[in-house]
Amino acid sequence: MLVAVIIGCEIAFWVLIVAGLVARYPLRRPRLGGALLVCVPLVDLALLAASVLDLRRGATADVGHGLAAAYLGFSVAFGHSMVRWADQRFAHRFAGGPPPVRPPRHGWARARHEWREWAKGLLGWAVACGLLGAAILWVNDAERTRELGNWIRSLTTVILIWLVAFPVWATLFPGRPKR
């Protein structure tokens with residue numbers, strides 16, 4: 001059941017973003033567009049409420065609860081930049097704005113970019129693991145929360161692999177533009 005809520009929240013997230021940008025640019029209603037974009041975090045609150053209610057009713061934590069925490073953490077960390085990414089593209093397409101900014105491809109600028117993105121990922125990891133840890137403490141039943149501990153370990157593995165595969169690699173081997 002919770003996985004369906006997560007899927008619904010992901011759909012609602014993108015529907016609100018697209019509706020906000022359509023209102024802002026093609027419909028030329030910037031205040032309505034802004035109001036719709038401000039509603040995007042409400043989707044995260046709905047997901048958090050659904051997950052908490054499910055655990056409060058005595059459910060054993062499963063993949064859905066871990067996925068909800070990961071979704072919330074990374075939505076907090078990357079939500080603003082995802083909206084900015086979409087806004088740049090809509091502004092360019094519908095309002096004559098400048099072309100979207102592309103990330104650097106080589107050199108130290110690329111390494112700095114990778115470190116910034118990883119720092120956002122680290123924030124997402126911290127929020128997700130904080131929510132998972134809080135749920136473990138709140139439920140206070142090792143059998144019911146075993147899956148949440150597995151999610152903490154998995155998210156930690158992913159953030160460490162990300163660290164080595166992107167920012168550390170880009171720092172050690174910054175590369176040069178092709179001629």
# chains A, B, ... in the order shown; residues from 1 in each chain; ligands from 1
>>> residues_around(residues="Ala119 in chain A", least_positions_apart="5", cutoff="12 Å", atoms="only C-alpha atoms", output="list in words")
Phe74, Ala77, Phe78, Arg112, His113, Glu114, Gly124, Trp125, Ala126, Ile159, Leu160, Trp162, Leu163, Phe166 and Pro167 of chain A
>>> select_by_dssp(residues="range 52-102 of chain A", states="helix (DSSP H, G or I)", output="ChimeraX atom specification")
/A:52-56,63-94
>>> write_last_selection(atoms="C-alpha atoms", output="PDB file, in the first residue's frame")
ATOM      1  CA  VAL A  52       4.158   7.485  10.065  1.00  0.00           C
ATOM      2  CA  LEU A  53       0.505   6.445  10.182  1.00  0.00           C
ATOM      3  CA  ASP A  54       1.340   3.039   8.763  1.00  0.00           C
ATOM      4  CA  LEU A  55       4.005   2.420  11.419  1.00  0.00           C
ATOM      5  CA  ARG A  56       1.774   3.841  14.146  1.00  0.00           C
ATOM      6  CA  VAL A  63      10.817  -1.763   1.610  1.00  0.00           C
ATOM      7  CA  GLY A  64       8.100   0.883   1.214  1.00  0.00           C
ATOM      8  CA  HIS A  65       8.981   2.573   4.506  1.00  0.00           C
ATOM      9  CA  GLY A  66      12.671   2.673   3.613  1.00  0.00           C
ATOM     10  CA  LEU A  67      11.872   3.924   0.127  1.00  0.00           C
ATOM     11  CA  ALA A  68       9.647   6.651   1.595  1.00  0.00           C
ATOM     12  CA  ALA A  69      12.486   7.869   3.833  1.00  0.00           C
ATOM     13  CA  ALA A  70      14.961   7.813   0.925  1.00  0.00           C
ATOM     14  CA  TYR A  71      12.483   9.661  -1.311  1.00  0.00           C
ATOM     15  CA  LEU A  72      11.924  12.315   1.350  1.00  0.00           C
ATOM     16  CA  GLY A  73      15.633  12.763   2.041  1.00  0.00           C
ATOM     17  CA  PHE A  74      16.629  13.130  -1.567  1.00  0.00           C
ATOM     18  CA  SER A  75      13.596  15.271  -2.341  1.00  0.00           C
ATOM     19  CA  VAL A  76      14.720  17.693   0.370  1.00  0.00           C
ATOM     20  CA  ALA A  77      18.266  17.694  -1.006  1.00  0.00           C
ATOM     21  CA  PHE A  78      17.536  17.814  -4.741  1.00  0.00           C
ATOM     22  CA  GLY A  79      13.989  19.201  -4.970  1.00  0.00           C
ATOM     23  CA  HIS A  80      15.030  22.825  -5.380  1.00  0.00           C
ATOM     24  CA  SER A  81      17.634  22.063  -8.038  1.00  0.00           C
ATOM     25  CA  MET A  82      15.138  19.843  -9.905  1.00  0.00           C
ATOM     26  CA  VAL A  83      12.628  22.692  -9.975  1.00  0.00           C
ATOM     27  CA  ARG A  84      15.372  25.092 -11.118  1.00  0.00           C
ATOM     28  CA  TRP A  85      16.403  22.608 -13.846  1.00  0.00           C
ATOM     29  CA  ALA A  86      12.828  22.388 -15.147  1.00  0.00           C
ATOM     30  CA  ASP A  87      12.305  26.159 -14.795  1.00  0.00           C
ATOM     31  CA  GLN A  88      15.364  26.915 -16.963  1.00  0.00           C
ATOM     32  CA  ARG A  89      14.073  24.667 -19.707  1.00  0.00           C
ATOM     33  CA  PHE A  90      10.540  26.091 -19.604  1.00  0.00           C
ATOM     34  CA  ALA A  91      11.824  29.672 -19.549  1.00  0.00           C
ATOM     35  CA  HIS A  92      14.028  28.955 -22.563  1.00  0.00           C
ATOM     36  CA  ARG A  93      11.278  27.183 -24.503  1.00  0.00           C
ATOM     37  CA  PHE A  94       8.271  29.359 -23.688  1.00  0.00           C
TER      38      PHE A  94
END
>>> residues_around(residues="range 19-28 of chain A", least_positions_apart="2", cutoff="7 Å", atoms="only C-alpha atoms", output="list in words")
Val15, Leu16, Ile17, Pro30, Leu32, Gly33, Gly34, Leu36, Leu37, Asp87, Phe90, Ala91, Phe94 and Ala95 of chain A
>>> residues_around(residues="Arg144 in chain A", least_positions_apart="6", cutoff="9 Å", atoms="only C-alpha atoms", output="PyMOL selection string")
chain A and resi 58-62+136
>>> atom_distance(atom1="CA of Asn150 in chain A", atom2="CA of Gly8 in chain A")
24.3 Å
>>> atom_distance(atom1="CA of Val139 in chain A", atom2="CA of Gly121 in chain A")
26.7 Å
>>> residues_around(residues="Gly149 in chain A", least_positions_apart="3", cutoff="12 Å", atoms="only C-alpha atoms", output="ChimeraX atom specification")
/A:61-63,65-66,69,128-137,141-146,152-156
>>> residues_around(residues="Pro177 in chain A", least_positions_apart="6", cutoff="8 Å", atoms="only C-alpha atoms", output="list in words")
Arg105, His106 and Gly107 of chain A
>>> write_last_selection(atoms="C-alpha atoms", output="PDB file, in the first residue's frame")
ATOM      1  CA  ARG A 105      32.443  18.589 -18.582  1.00  0.00           C
ATOM      2  CA  HIS A 106      36.158  18.832 -17.780  1.00  0.00           C
ATOM      3  CA  GLY A 107      38.748  20.216 -15.434  1.00  0.00           C
TER       4      GLY A 107
END
>>> atom_distance(atom1="CA of Gly97 in chain A", atom2="CA of Ile11 in chain A")
26.9 Å
>>> residues_around(residues="range 169-171 of chain A", least_positions_apart="3", cutoff="7 Å", atoms="only C-alpha atoms", output="list in words")
Arg110, Ala111, Val164, Ala165, Phe166 and Pro174 of chain A
